[in-house]
Each structure stands twice: as structure tokens, then as C-alpha cells.
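Have a look at structure_32.cif; it's mmCIF, C-alpha atoms:
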```
data_model
#
loop_
_atom_site.group_PDB
_atom_site.id
_atom_site.type_symbol
_atom_site.label_atom_id
_atom_site.label_comp_id
_atom_site.auth_asym_id
_atom_site.auth_seq_id
_atom_site.Cartn_x
_atom_site.Cartn_y
_atom_site.Cartn_z
ATOM 1 C CA MET A 10 0.000 0.000 0.000
ATOM 2 C CA LYS A 11 1.007 3.609 -0.465
ATOM 3 C CA ALA A 12 0.550 6.279 2.191
ATOM 4 C CA LEU A 13 0.505 10.041 1.858
ATOM 5 C CA ILE A 14 1.383 11.850 5.090
ATOM 6 C CA THR A 15 0.616 15.555 5.145
ATOM 7 C CA GLY A 16 3.046 17.381 7.398
ATOM 8 C CA ILE A 17 5.501 14.493 7.095
ATOM 9 C CA SER A 18 8.458 16.555 8.348
ATOM 10 C CA GLY A 19 6.717 17.449 11.611
ATOM 11 C CA PHE A 20 6.999 15.809 15.012
ATOM 12 C CA VAL A 21 4.339 13.122 14.519
ATOM 13 C CA GLY A 22 4.654 12.866 10.740
ATOM 14 C CA SER A 23 8.342 11.981 10.858
ATOM 15 C CA TYR A 24 7.741 9.156 13.340
ATOM 16 C CA LEU A 25 4.805 7.864 11.319
ATOM 17 C CA ALA A 26 6.938 7.808 8.166
ATOM 18 C CA GLU A 27 9.637 5.818 9.957
ATOM 19 C CA TYR A 28 7.101 3.376 11.364
ATOM 20 C CA LEU A 29 5.433 2.716 8.000
ATOM 21 C CA LEU A 30 8.736 2.353 6.152
ATOM 22 C CA ASP A 31 10.185 0.020 8.775
ATOM 23 C CA SER A 32 7.092 -2.189 8.561
ATOM 24 C CA GLY A 33 8.032 -3.116 4.988
ATOM 25 C CA GLU A 34 4.366 -2.951 3.985
ATOM 26 C CA TRP A 35 4.138 0.661 2.827
ATOM 27 C CA GLU A 36 5.496 3.047 0.258
ATOM 28 C CA VAL A 37 5.449 6.538 1.730
ATOM 29 C CA ALA A 38 4.895 9.955 0.181
ATOM 30 C CA GLY A 39 4.437 13.191 2.062
ATOM 31 C CA THR A 40 3.858 16.914 1.876
ATOM 32 C CA VAL A 41 6.378 19.252 3.474
ATOM 33 C CA TYR A 42 6.138 22.902 4.419
ATOM 34 C CA GLY A 43 9.224 24.240 6.144
ATOM 35 C CA PRO A 44 12.385 22.494 7.397
ATOM 36 C CA TYR A 45 13.155 18.874 6.494
ATOM 37 C CA ASP A 46 15.367 18.198 9.541
ATOM 38 C CA ASN A 47 13.172 15.499 11.106
ATOM 39 C CA ILE A 48 13.183 13.385 7.925
ATOM 40 C CA ALA A 49 16.665 14.213 6.626
ATOM 41 C CA ASP A 50 17.882 10.627 7.018
ATOM 42 C CA GLN A 51 14.747 9.216 5.351
ATOM 43 C CA CYS A 52 14.529 11.411 2.248
ATOM 44 C CA ASP A 53 15.964 8.787 -0.119
ATOM 45 C CA ARG A 54 13.074 6.468 0.815
ATOM 46 C CA LEU A 55 10.328 9.089 0.548
ATOM 47 C CA GLU A 56 8.362 10.713 -2.269
ATOM 48 C CA LEU A 57 8.136 14.346 -1.169
ATOM 49 C CA TYR A 58 5.903 17.199 -2.315
ATOM 50 C CA PRO A 59 6.832 20.680 -1.056
ATOM 51 C CA ALA A 60 3.413 22.266 -0.838
ATOM 52 C CA GLU A 61 1.083 24.543 1.089
ATOM 53 C CA LEU A 62 -2.299 22.824 1.265
ATOM 54 C CA SER A 63 -4.635 25.817 1.390
ATOM 55 C CA ARG A 64 -5.328 25.522 -2.372
ATOM 56 C CA LEU A 65 -7.559 22.751 -3.659
ATOM 57 C CA ASP A 66 -5.805 22.634 -7.042
ATOM 58 C CA VAL A 67 -2.480 21.947 -5.300
ATOM 59 C CA VAL A 68 -4.033 19.153 -3.240
ATOM 60 C CA THR A 69 -5.698 17.516 -6.246
ATOM 61 C CA PHE A 70 -2.426 17.706 -8.204
ATOM 62 C CA ILE A 71 -0.590 15.887 -5.388
ATOM 63 C CA LEU A 72 -3.304 13.237 -5.137
ATOM 64 C CA GLU A 73 -3.229 12.650 -8.893
ATOM 65 C CA ARG A 74 0.570 12.294 -8.856
ATOM 66 C CA ALA A 75 0.995 10.291 -5.654
ATOM 67 C CA GLN A 76 -2.072 8.019 -6.035
ATOM 68 C CA PRO A 77 -2.153 7.043 -2.336
ATOM 69 C CA ASP A 78 -4.221 4.229 -0.891
ATOM 70 C CA ALA A 79 -4.352 6.048 2.446
ATOM 71 C CA ILE A 80 -3.870 9.606 3.658
ATOM 72 C CA PHE A 81 -2.749 10.526 7.161
ATOM 73 C CA HIS A 82 -3.681 14.189 7.481
ATOM 74 C CA LEU A 83 -1.328 15.606 10.122
ATOM 75 C CA ALA A 84 -0.538 19.052 8.698
ATOM 76 C CA ALA A 85 -1.920 21.784 10.962
ATOM 77 C CA GLN A 86 -1.161 24.828 13.056
ATOM 78 C CA PRO A 87 -0.729 22.874 16.327
ATOM 79 C CA LEU A 88 -0.149 25.482 19.040
ATOM 80 C CA VAL A 89 -2.928 26.593 21.382
ATOM 81 C CA SER A 90 -0.872 29.665 22.314
ATOM 82 C CA ALA A 91 -0.462 30.679 18.658
ATOM 83 C CA SER A 92 -4.207 30.267 18.105
ATOM 84 C CA ARG A 93 -4.883 32.803 20.848
ATOM 85 C CA ARG A 94 -2.602 35.312 19.128
ATOM 86 C CA ASP A 95 -4.110 34.657 15.691
ATOM 87 C CA PRO A 96 -7.531 33.010 16.069
ATOM 88 C CA TRP A 97 -8.730 33.305 12.492
ATOM 89 C CA GLY A 98 -5.358 32.303 11.038
ATOM 90 C CA THR A 99 -5.488 29.025 12.952
ATOM 91 C CA ILE A 100 -9.131 28.260 12.140
ATOM 92 C CA GLU A 101 -8.713 29.186 8.470
ATOM 93 C CA THR A 102 -5.513 27.139 8.064
ATOM 94 C CA ASN A 103 -6.670 23.976 9.803
ATOM 95 C CA VAL A 104 -10.235 23.839 8.489
ATOM 96 C CA ARG A 105 -9.329 24.754 4.914
ATOM 97 C CA MET A 106 -6.588 22.125 4.682
ATOM 98 C CA GLN A 107 -8.925 19.449 6.024
ATOM 99 C CA LEU A 108 -11.639 20.481 3.568
ATOM 100 C CA ASN A 109 -9.205 20.406 0.641
ATOM 101 C CA ILE A 110 -7.965 16.921 1.544
ATOM 102 C CA LEU A 111 -11.506 15.550 1.758
ATOM 103 C CA GLU A 112 -12.739 17.314 -1.381
ATOM 104 C CA GLY A 113 -9.600 16.257 -3.242
ATOM 105 C CA VAL A 114 -10.147 12.617 -2.302
ATOM 106 C CA ALA A 115 -13.829 12.822 -3.309
ATOM 107 C CA ARG A 116 -12.814 14.150 -6.732
ATOM 108 C CA VAL A 117 -9.673 12.142 -7.464
ATOM 109 C CA ASN A 118 -9.923 8.792 -5.667
ATOM 110 C CA PRO A 119 -13.037 8.191 -3.508
ATOM 111 C CA VAL A 120 -11.786 4.777 -2.309
ATOM 112 C CA CYS A 121 -8.688 6.267 -0.687
ATOM 113 C CA ARG A 122 -8.777 5.975 3.105
ATOM 114 C CA VAL A 123 -8.327 9.099 5.233
ATOM 115 C CA LEU A 124 -7.230 9.453 8.844
ATOM 116 C CA ALA A 125 -8.522 12.804 10.133
ATOM 117 C CA VAL A 126 -6.521 13.868 13.183
ATOM 118 C CA GLY A 127 -8.381 15.893 15.774
ATOM 119 C CA SER A 128 -7.347 16.589 19.357
ATOM 120 C CA SER A 129 -8.418 16.081 22.950
ATOM 121 C CA GLU A 130 -8.551 19.896 23.051
ATOM 122 C CA GLN A 131 -11.949 19.557 21.355
ATOM 123 C CA TYR A 132 -13.480 18.417 24.650
ATOM 124 C CA GLY A 133 -12.305 21.612 26.328
ATOM 125 C CA LEU A 134 -13.969 22.393 29.642
ATOM 126 C CA VAL A 135 -14.440 19.041 31.377
ATOM 127 C CA MET A 136 -15.377 18.582 35.020
ATOM 128 C CA GLU A 137 -14.259 15.837 37.370
ATOM 129 C CA ARG A 138 -17.655 14.186 36.870
ATOM 130 C CA ASP A 139 -16.934 13.947 33.113
ATOM 131 C CA LEU A 140 -13.826 11.800 33.631
ATOM 132 C CA PRO A 141 -12.577 9.715 32.001
ATOM 133 C CA ILE A 142 -13.338 11.458 28.703
ATOM 134 C CA SER A 143 -15.055 9.182 26.193
ATOM 135 C CA GLU A 144 -15.771 9.884 22.540
ATOM 136 C CA ASP A 145 -19.335 10.839 23.567
ATOM 137 C CA THR A 146 -18.221 13.651 25.893
ATOM 138 C CA PRO A 147 -19.628 16.950 24.527
ATOM 139 C CA PHE A 148 -17.361 19.603 23.034
ATOM 140 C CA ARG A 149 -16.759 22.732 25.107
ATOM 141 C CA PRO A 150 -13.701 24.180 23.294
ATOM 142 C CA LEU A 151 -11.523 26.677 25.150
ATOM 143 C CA SER A 152 -9.326 27.990 22.331
ATOM 144 C CA PRO A 153 -9.477 28.815 18.622
ATOM 145 C CA TYR A 154 -7.202 25.808 18.049
ATOM 146 C CA ALA A 155 -9.791 23.570 19.695
ATOM 147 C CA VAL A 156 -12.538 25.096 17.534
ATOM 148 C CA SER A 157 -10.455 24.424 14.419
ATOM 149 C CA LYS A 158 -10.126 20.772 15.425
ATOM 150 C CA VAL A 159 -13.884 20.498 16.028
ATOM 151 C CA GLY A 160 -14.336 21.829 12.501
ATOM 152 C CA GLN A 161 -11.901 19.277 11.058
ATOM 153 C CA ASP A 162 -13.606 16.457 12.926
ATOM 154 C CA LEU A 163 -17.109 17.390 11.756
ATOM 155 C CA LEU A 164 -15.975 17.921 8.163
ATOM 156 C CA ALA A 165 -14.535 14.411 8.183
ATOM 157 C CA LEU A 166 -17.824 13.032 9.516
ATOM 158 C CA GLN A 167 -19.773 15.004 6.910
ATOM 159 C CA TYR A 168 -17.722 13.616 4.021
ATOM 160 C CA TYR A 169 -18.226 10.101 5.349
ATOM 161 C CA LEU A 170 -21.987 10.632 5.577
ATOM 162 C CA THR A 171 -22.544 12.527 2.323
ATOM 163 C CA HIS A 172 -19.764 11.205 0.052
ATOM 164 C CA GLY A 173 -19.230 7.740 1.501
ATOM 165 C CA LEU A 174 -15.507 8.334 2.027
ATOM 166 C CA HIS A 175 -13.620 5.853 4.197
ATOM 167 C CA VAL A 176 -12.709 8.347 6.914
ATOM 168 C CA VAL A 177 -11.519 7.387 10.380
ATOM 169 C CA ARG A 178 -11.365 10.165 12.970
ATOM 170 C CA VAL A 179 -8.974 10.246 15.913
ATOM 171 C CA ARG A 180 -8.737 12.469 18.961
ATOM 172 C CA PRO A 181 -5.264 12.001 20.432
ATOM 173 C CA PHE A 182 -4.575 13.236 23.929
ATOM 174 C CA ASN A 183 -1.212 14.819 24.797
ATOM 175 C CA HIS A 184 1.741 13.047 23.253
ATOM 176 C CA ILE A 185 5.425 13.498 23.968
ATOM 177 C CA GLY A 186 8.747 12.300 22.632
ATOM 178 C CA PRO A 187 12.012 13.377 21.021
ATOM 179 C CA ARG A 188 11.776 15.988 18.242
ATOM 180 C CA GLN A 189 8.693 17.713 19.649
ATOM 181 C CA ARG A 190 8.959 21.453 19.052
ATOM 182 C CA LEU A 191 9.219 24.074 21.763
ATOM 183 C CA GLY A 192 5.908 25.443 22.979
ATOM 184 C CA PHE A 193 4.916 22.150 24.619
ATOM 185 C CA VAL A 194 5.641 21.360 28.255
ATOM 186 C CA ALA A 195 8.085 18.433 27.997
ATOM 187 C CA PRO A 196 10.440 19.978 25.397
ATOM 188 C CA ASP A 197 10.197 23.374 27.113
ATOM 189 C CA PHE A 198 11.372 21.867 30.405
ATOM 190 C CA ALA A 199 13.934 19.498 28.879
ATOM 191 C CA SER A 200 15.531 22.172 26.672
ATOM 192 C CA GLN A 201 15.970 24.472 29.654
ATOM 193 C CA ILE A 202 17.616 21.725 31.717
ATOM 194 C CA ALA A 203 19.925 20.785 28.831
ATOM 195 C CA ALA A 204 20.975 24.418 28.367
ATOM 196 C CA ILE A 205 21.629 24.785 32.112
ATOM 197 C CA GLU A 206 23.753 21.623 32.108
ATOM 198 C CA ARG A 207 25.902 23.114 29.326
ATOM 199 C CA GLY A 208 26.283 26.393 31.226
ATOM 200 C CA LEU A 209 24.351 28.319 28.592
ATOM 201 C CA ARG A 210 21.819 29.824 31.005
ATOM 202 C CA GLU A 211 21.524 30.476 34.711
ATOM 203 C CA PRO A 212 20.348 27.463 36.780
ATOM 204 C CA VAL A 213 16.761 28.677 36.979
ATOM 205 C CA MET A 214 13.823 27.148 35.088
ATOM 206 C CA GLU A 215 10.793 29.168 33.994
ATOM 207 C CA VAL A 216 7.531 27.241 34.392
ATOM 208 C CA GLY A 217 3.786 27.806 34.105
ATOM 209 C CA ASN A 218 0.978 25.995 35.937
ATOM 210 C CA LEU A 219 2.394 22.859 37.565
ATOM 211 C CA GLU A 220 -0.883 21.551 38.974
ATOM 212 C CA ALA A 221 -2.665 20.680 35.715
ATOM 213 C CA GLU A 222 -2.938 16.932 35.071
ATOM 214 C CA ARG A 223 -2.926 15.534 31.550
ATOM 215 C CA ASP A 224 -3.000 12.160 29.789
ATOM 216 C CA PHE A 225 0.368 11.681 28.034
ATOM 217 C CA SER A 226 1.365 8.990 25.507
ATOM 218 C CA ASP A 227 4.636 8.509 23.672
ATOM 219 C CA VAL A 228 4.501 9.640 20.040
ATOM 220 C CA ARG A 229 5.852 6.247 18.942
ATOM 221 C CA ASP A 230 2.801 4.575 20.484
ATOM 222 C CA VAL A 231 0.508 7.161 18.890
ATOM 223 C CA VAL A 232 1.751 6.562 15.342
ATOM 224 C CA ARG A 233 1.331 2.821 15.847
ATOM 225 C CA ALA A 234 -2.325 3.535 16.646
ATOM 226 C CA TYR A 235 -2.659 5.666 13.507
ATOM 227 C CA ALA A 236 -1.189 2.958 11.288
ATOM 228 C CA THR A 237 -3.463 0.281 12.749
ATOM 229 C CA LEU A 238 -6.599 2.412 12.539
ATOM 230 C CA ILE A 239 -6.116 3.306 8.871
ATOM 231 C CA THR A 240 -6.408 -0.404 7.994
ATOM 232 C CA SER A 241 -8.534 -1.787 10.835
ATOM 233 C CA GLY A 242 -10.585 1.148 12.140
ATOM 234 C CA THR A 243 -14.278 1.430 11.335
ATOM 235 C CA ALA A 244 -15.139 3.987 8.639
ATOM 236 C CA GLY A 245 -16.985 6.980 10.085
ATOM 237 C CA GLN A 246 -15.976 6.089 13.634
ATOM 238 C CA VAL A 247 -13.988 8.255 16.052
ATOM 239 C CA TYR A 248 -11.340 6.972 18.455
ATOM 240 C CA ASN A 249 -9.713 8.549 21.477
ATOM 241 C CA ILE A 250 -5.985 7.812 21.731
ATOM 242 C CA GLY A 251 -4.408 8.002 25.176
ATOM 243 C CA SER A 252 -2.900 6.083 28.055
ATOM 244 C CA GLY A 253 -5.875 6.176 30.413
ATOM 245 C CA GLU A 254 -3.706 7.763 33.125
ATOM 246 C CA SER A 255 -3.085 11.366 34.110
ATOM 247 C CA HIS A 256 0.191 12.971 35.177
ATOM 248 C CA ALA A 257 0.605 16.400 36.730
ATOM 249 C CA VAL A 258 2.936 18.888 35.053
ATOM 250 C CA GLN A 259 4.712 18.940 38.423
ATOM 251 C CA GLU A 260 5.476 15.238 37.920
ATOM 252 C CA ILE A 261 7.057 15.956 34.532
ATOM 253 C CA LEU A 262 9.218 18.606 36.146
ATOM 254 C CA ASP A 263 10.188 16.369 39.063
ATOM 255 C CA ILE A 264 11.155 13.453 36.811
ATOM 256 C CA LEU A 265 13.245 15.619 34.497
ATOM 257 C CA LEU A 266 14.951 17.364 37.413
ATOM 258 C CA SER A 267 15.770 13.973 38.940
ATOM 259 C CA MET A 268 17.612 13.154 35.701
ATOM 260 C CA SER A 269 19.470 16.469 35.649
ATOM 261 C CA GLN A 270 23.236 16.565 36.154
ATOM 262 C CA VAL A 271 23.084 19.920 37.987
ATOM 263 C CA SER A 272 21.006 21.601 40.682
ATOM 264 C CA VAL A 273 18.201 23.715 39.193
ATOM 265 C CA ALA A 274 15.891 26.265 40.835
ATOM 266 C CA VAL A 275 12.313 26.735 39.611
ATOM 267 C CA ARG A 276 10.521 30.047 39.009
ATOM 268 C CA GLN A 277 6.913 30.483 37.882
ATOM 269 C CA ASP A 278 6.425 32.693 34.827
ATOM 270 C CA PRO A 279 2.944 34.293 34.545
ATOM 271 C CA ALA A 280 3.384 34.523 30.757
ATOM 272 C CA ARG A 281 3.338 30.724 30.591
ATOM 273 C CA MET A 282 -0.073 30.435 32.251
ATOM 274 C CA ARG A 283 -3.119 29.681 30.072
ATOM 275 C CA PRO A 284 -6.174 31.940 30.531
ATOM 276 C CA SER A 285 -8.408 28.845 30.794
ATOM 277 C CA GLU A 286 -6.988 25.728 32.417
ATOM 278 C CA VAL A 287 -8.817 22.457 33.042
ATOM 279 C CA PRO A 288 -7.461 20.905 36.261
ATOM 280 C CA ARG A 289 -7.435 17.241 35.187
ATOM 281 C CA ILE A 290 -7.855 15.289 31.953
ATOM 282 C CA VAL A 291 -7.957 11.506 31.554
ATOM 283 C CA CYS A 292 -8.695 9.607 28.353
ATOM 284 C CA ASP A 293 -11.205 6.793 28.130
ATOM 285 C CA CYS A 294 -9.545 4.634 25.460
ATOM 286 C CA THR A 295 -11.918 1.669 25.806
ATOM 287 C CA ARG A 296 -13.055 1.823 22.178
ATOM 288 C CA ILE A 297 -9.624 1.594 20.570
ATOM 289 C CA ARG A 298 -8.514 -1.115 23.003
ATOM 290 C CA GLU A 299 -11.594 -3.254 22.432
ATOM 291 C CA GLU A 300 -11.817 -2.802 18.647
ATOM 292 C CA ILE A 301 -8.175 -3.086 17.581
ATOM 293 C CA GLY A 302 -6.297 -4.125 20.728
ATOM 294 C CA TRP A 303 -4.072 -1.036 20.875
ATOM 295 C CA GLN A 304 -2.577 0.263 24.098
ATOM 296 C CA THR A 305 0.502 2.231 25.091
ATOM 297 C CA THR A 306 3.777 0.326 25.575
ATOM 298 C CA ILE A 307 6.387 3.020 26.345
ATOM 299 C CA SER A 308 6.448 4.216 29.945
ATOM 300 C CA PHE A 309 6.009 7.858 30.902
ATOM 301 C CA LYS A 310 9.442 7.985 32.532
ATOM 302 C CA ASP A 311 11.183 6.413 29.525
ATOM 303 C CA SER A 312 9.537 8.957 27.217
ATOM 304 C CA LEU A 313 10.769 11.837 29.361
ATOM 305 C CA ARG A 314 14.289 10.388 29.492
ATOM 306 C CA ASP A 315 14.330 10.218 25.694
ATOM 307 C CA VAL A 316 13.081 13.812 25.456
ATOM 308 C CA LEU A 317 15.830 15.068 27.756
ATOM 309 C CA ASP A 318 18.534 13.105 25.918
ATOM 310 C CA TYR A 319 17.287 14.523 22.616
ATOM 311 C CA TRP A 320 17.589 18.096 23.873
ATOM 312 C CA ARG A 321 21.027 17.401 25.336
ATOM 313 C CA ASP A 322 22.138 16.354 21.836
ATOM 314 C CA GLU A 323 20.495 19.383 20.242
ATOM 315 C CA ILE A 324 22.090 21.839 22.708
ATOM 316 C CA ARG A 325 25.462 20.107 22.289
ATOM 317 C CA LYS A 326 25.275 20.511 18.502
ATOM 318 C CA ASP A 327 24.447 24.205 18.785
ATOM 319 C CA ALA A 328 26.959 25.017 21.530
#
```
Can the structure from this file be put into C-alpha cells for me?
Amino acid sequence: MKALITGISGFVGSYLAEYLLDSGEWEVAGTVYGPYDNIADQCDRLELYPAELSRLDVVTFILERAQPDAIFHLAAQPLVSASRRDPWGTIETNVRMQLNILEGVARVNPVCRVLAVGSSEQYGLVMERDLPISEDTPFRPLSPYAVSKVGQDLLALQYYLTHGLHVVRVRPFNHIGPRQRLGFVAPDFASQIAAIERGLREPVMEVGNLEAERDFSDVRDVVRAYATLITSGTAGQVYNIGSGESHAVQEILDILLSMSQVSVAVRQDPARMRPSEVPRIVCDCTRIREEIGWQTTISFKDSLRDVLDYWRDEIRKDA
């Protein structure tokens, strides 16, 4: 089979490409927009299309050339913080790209399978009584990014219902791992520790809210779920992807500091605080476990160790 991964050079896309190629069962093409660093060592095995997906004619051209059997649509503006600074830019970018992928498939190859990637941010304001969060939990989005993901999700459902496309929707909860960009909690903490260890900044870490609890999975487990769902997931269905456990941001900090080679002080930075913060989030991943047998395999602590080691290497290269 042949896969097309939009956003293949990103954090998740690069791991998905590696996973599919290593399986020996897939040819892999992808769209890129920006740096190629994450896939630099894979380029000779990939069919790449530098493209910005906001134009339908560009998307249909790529689909006609690549002729994929399956599309993993990962390209997006992924930062909640950026969506607060530019609400319409985030909504326009994410919804338009999703629409173009679906319309392109409907026009060019209606039997192509599509994985539409949403986010746990869609659920938004959840109370303790709502936990764990199932796929039936109502949406109460708290950011423009979350609204954009609701739009992507519902567009995917609409194209399944009205065009009969084989679309599988996913709502991944927080995922972590090496190569994740700054702006997310684990790389933000790990990069600061790595810089302190190299003597590149004072031994003080800037942090936001440490009390929030989130459901974290390793990106390498997440892409395994994506690959299994594209072949075994039920068309039109939606699946939460998570560990079923919550970890406080304080726990992330404590684990990373315990791995640090130097003593580090901690200082709270008001600029890192979100205007709306849900205290605790836990994923109900019963559906994906029962239907396809997927569950996480990489421990939380091992993921964080890999993140810190990655940033140590990155800081060493730049020093």
C-alpha cells in the first residue's frame, strides 16, 4: 500500500513515516512545508511534495501524482498559544486544509482511506464528573485551536456521511517524545535543563501551571495507533488515543529534574499560564482497546528520558 502523510516533516509525521517504512508494507509519500530536519535521514526512501495545502488545485495535483491508498492528514497549526494570538489564522488554516484533503479525495480517488486527526482539546472544559473522557463527551472548546479541530472532525464526519468516504477520525490526547517542538511542556522543560547543564543559562527554570494533570502517551505509540486504525478502524468512527492515566505537570518537572546533572531552581512565569486551564484530563480509550487491541507500551518515565537526551544532543550541537 502507499501512504501520503501531510506534514511528514513534523513531530508526529516523521515518526509515522519511519514506522510505516520500517514495517516493509508501505510506500510513503508526504507533503512538506518548512524544514526537512526530522526526515533528513529518510529522504531517499520518501516521495516528497513541497506544498502549502490551502489551495484545492495543489491538493488535487498531489493526489493525482501520488495516487495514495491512504492519507494521514497531520498538517496543521498545532499550538494553542499561537491560536490565541491569531484566532482566524489558525481556524482558516486547519479547516481549509482538512476540507481540501476531503474534497480532493472525493474528486480524485473516492476509495482512498483518510485518517482525520483531531485533538483532545476539542473536549475543552471538562469537570471531574466527566472523567474519564469518552468519545461521547460533549465539546466545550476553550481555544481557537480547539474550535479548528472540532471543525476538522465534523468535516470528516460530513464527508463520510454525504460522500461515503472511508474516513476514520482520531482524537489524540497529549503526546510526547524526542523531536517535539518548543511550545509544549516536555520539550520546554527538557531544553531548559539541557541548556543549564551546558552552562548556557543560569540554573533557573521558567515554568507555568504545575498543577494541571494531563494524559500523556509517547509519540511512537501514537503513530502505531494511527497505522493500525487506517487499515482496521471502522469507517466513520472516532477513536480517542491516550494512556488512560493522568500525570501532573509537576510530575514531569520532578522526573526531568531527577535526571538532571546539575542543581536547578524553579521560578513560575505568569506569561506561561493559560487563561483557561482544566485541572485534570484523563482519556477513556476503551473503544480503541476493544476494537483493535491497541494500548501504550512506552512508559512515561522512559519517554521523558528520551526527550531530555534529545535536547542534550540538540544543545550540544548548537553550543
Pick out the residues sitting within 10 Å of Ser241 in chain A, and hand them over as a PyMOL selection string; count all atoms listed in the file, and ignore anything fewer than 6 positions along from it in its own chain. chain A and resi 177+235+300-301
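Of the listed residues (A:Pro150, A:Gly113, A:Gly251, A:Gly192), A:Gly251 comes nearest to Arg180 in chain A; the distances count only C-alpha atoms.
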Assuming the chain letters and numbering stay as they are in my file, what does the PyMOL selection byres ((chain A and resi 59) around 12) actually select? List them as a JSON list (two decimals) with C-alpha atoms, keeping the file's coordinate frame.
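Output contents, as saved in expr31.json:
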```
[["chain", "number", "residue", "atom", "x", "y", "z"],
["A", 15, "THR", "CA", 0.62, 15.56, 5.14],
["A", 16, "GLY", "CA", 3.05, 17.38, 7.40],
["A", 17, "ILE", "CA", 5.50, 14.49, 7.10],
["A", 18, "SER", "CA", 8.46, 16.56, 8.35],
["A", 38, "ALA", "CA", 4.89, 9.96, 0.18],
["A", 39, "GLY", "CA", 4.44, 13.19, 2.06],
["A", 40, "THR", "CA", 3.86, 16.91, 1.88],
["A", 41, "VAL", "CA", 6.38, 19.25, 3.47],
["A", 42, "TYR", "CA", 6.14, 22.90, 4.42],
["A", 43, "GLY", "CA", 9.22, 24.24, 6.14],
["A", 44, "PRO", "CA", 12.38, 22.49, 7.40],
["A", 45, "TYR", "CA", 13.16, 18.87, 6.49],
["A", 56, "GLU", "CA", 8.36, 10.71, -2.27],
["A", 57, "LEU", "CA", 8.14, 14.35, -1.17],
["A", 58, "TYR", "CA", 5.90, 17.20, -2.32],
["A", 60, "ALA", "CA", 3.41, 22.27, -0.84],
["A", 61, "GLU", "CA", 1.08, 24.54, 1.09],
["A", 62, "LEU", "CA", -2.30, 22.82, 1.26],
["A", 67, "VAL", "CA", -2.48, 21.95, -5.30],
["A", 68, "VAL", "CA", -4.03, 19.15, -3.24],
["A", 71, "ILE", "CA", -0.59, 15.89, -5.39]]
```
Could you list, as number ranges by chain, every residue within 10 Å of Gln86 in chain A, counting only C-alpha atoms and ignoring same-chain residues fewer than 2 positions away? A: 83-84, 88-89, 91-92, 98-103, 154, 157
Range 37-145 of chain A residues near range 289-294 of chain A within 12 Å, closest pair each, using all atoms listed in the file, as CSV:
```
residue,atom,partner,partner_atom,distance
A:Ser128,CA,A:Cys292,CA,11.5
A:Ser129,CA,A:Cys292,CA,8.4
A:Glu130,CA,A:Ile290,CA,10.0
A:Tyr132,CA,A:Ile290,CA,9.7
A:Gly133,CA,A:Ile290,CA,9.6
A:Leu134,CA,A:Ile290,CA,9.7
A:Val135,CA,A:Ile290,CA,7.6
A:Met136,CA,A:Arg289,CA,8.1
A:Glu137,CA,A:Arg289,CA,7.3
A:Arg138,CA,A:Arg289,CA,10.8
A:Asp139,CA,A:Ile290,CA,9.3
A:Leu140,CA,A:Val291,CA,6.2
A:Pro141,CA,A:Val291,CA,5.0
A:Ile142,CA,A:Cys292,CA,5.0
A:Ser143,CA,A:Asp293,CA,4.9
A:Glu144,CA,A:Asp293,CA,7.9
A:Asp145,CA,A:Asp293,CA,10.2
```
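All protein, DNA and RNA residues at most 6 Å from (12.7, 28.8, 38.9) are Val213, Met214, Glu215, Ala274, Val275 and Arg276 of chain A, using all atoms listed in the file.
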Pull out every residue that the PyMOL selection byres ((chain A and resi 216) around 6) matches in the shown coordinates and put them as number ranges by chain. A: 215, 217, 277-278
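Of the listed residues (A:Lys326, A:Arg94, A:Arg105, A:Arg188), A:Lys326 comes nearest to Arg207 in chain A; the distances count all atoms listed in the file.
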Considering only C-alpha atoms, give me a table of residues in range 196-261 of chain A that are at most 12 Å from range 163-170 of chain A, with the closest atom pair and distance in Å for each, as JSON lines.
```
{"residue": "A:Thr243", "atom": "CA", "partner": "A:Tyr169", "partner_atom": "CA", "distance": 11.3}
{"residue": "A:Ala244", "atom": "CA", "partner": "A:Tyr169", "partner_atom": "CA", "distance": 7.6}
{"residue": "A:Gly245", "atom": "CA", "partner": "A:Tyr169", "partner_atom": "CA", "distance": 5.8}
{"residue": "A:Gln246", "atom": "CA", "partner": "A:Leu166", "partner_atom": "CA", "distance": 8.3}
{"residue": "A:Val247", "atom": "CA", "partner": "A:Leu166", "partner_atom": "CA", "distance": 9.0}
```
With the file shown as input, list the residues that the PyMOL selection byres ((chain A and resi 302-319) around 9) selects, as a ChimeraX atom specification. /A:185-189,195-196,198-200,202-203,225-231,233-234,237,250-252,256,261,264-265,268-269,294,297-301,320-324
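Separating CA of Ser272 in chain A from CA of Leu209 in chain A is a distance of 14.2 Å.
Distances from A:Cys121, A:Val232, A:Leu174, A:Val21 to Ile48 in chain A were compared using only C-alpha atoms, and the smallest one belongs to A:Val21.
Residue nearest Val120 in chain A within the list A:Ala221, A:Leu266, A:Ala79, A:Ile14: A:Ala79 [criterion: smallest interatomic distance, only C-alpha atoms].
In this structure, CA of Glu27 in chain A sits 13.7 Å away from CA of Lys11 in chain A.
For the point (-7.3, 10.9, 9.0), the residues with at least one atom inside 6 Å, counting only C-alpha atoms, are Phe81, His82, Val123, Leu124, Ala125, Val126, Val177 and Arg178 of chain A.
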May I ask for the distance between CA of Ala257 in chain A and CA of Glu286 in chain A, given in Å to one decimal place? 12.8 Å
Out of A:Trp35, A:Pro119, A:Asp53, A:Gln161, which residue has the shortest atom-to-atom distance to Ala85 in chain A when counting all atoms listed in the file? A:Gln161
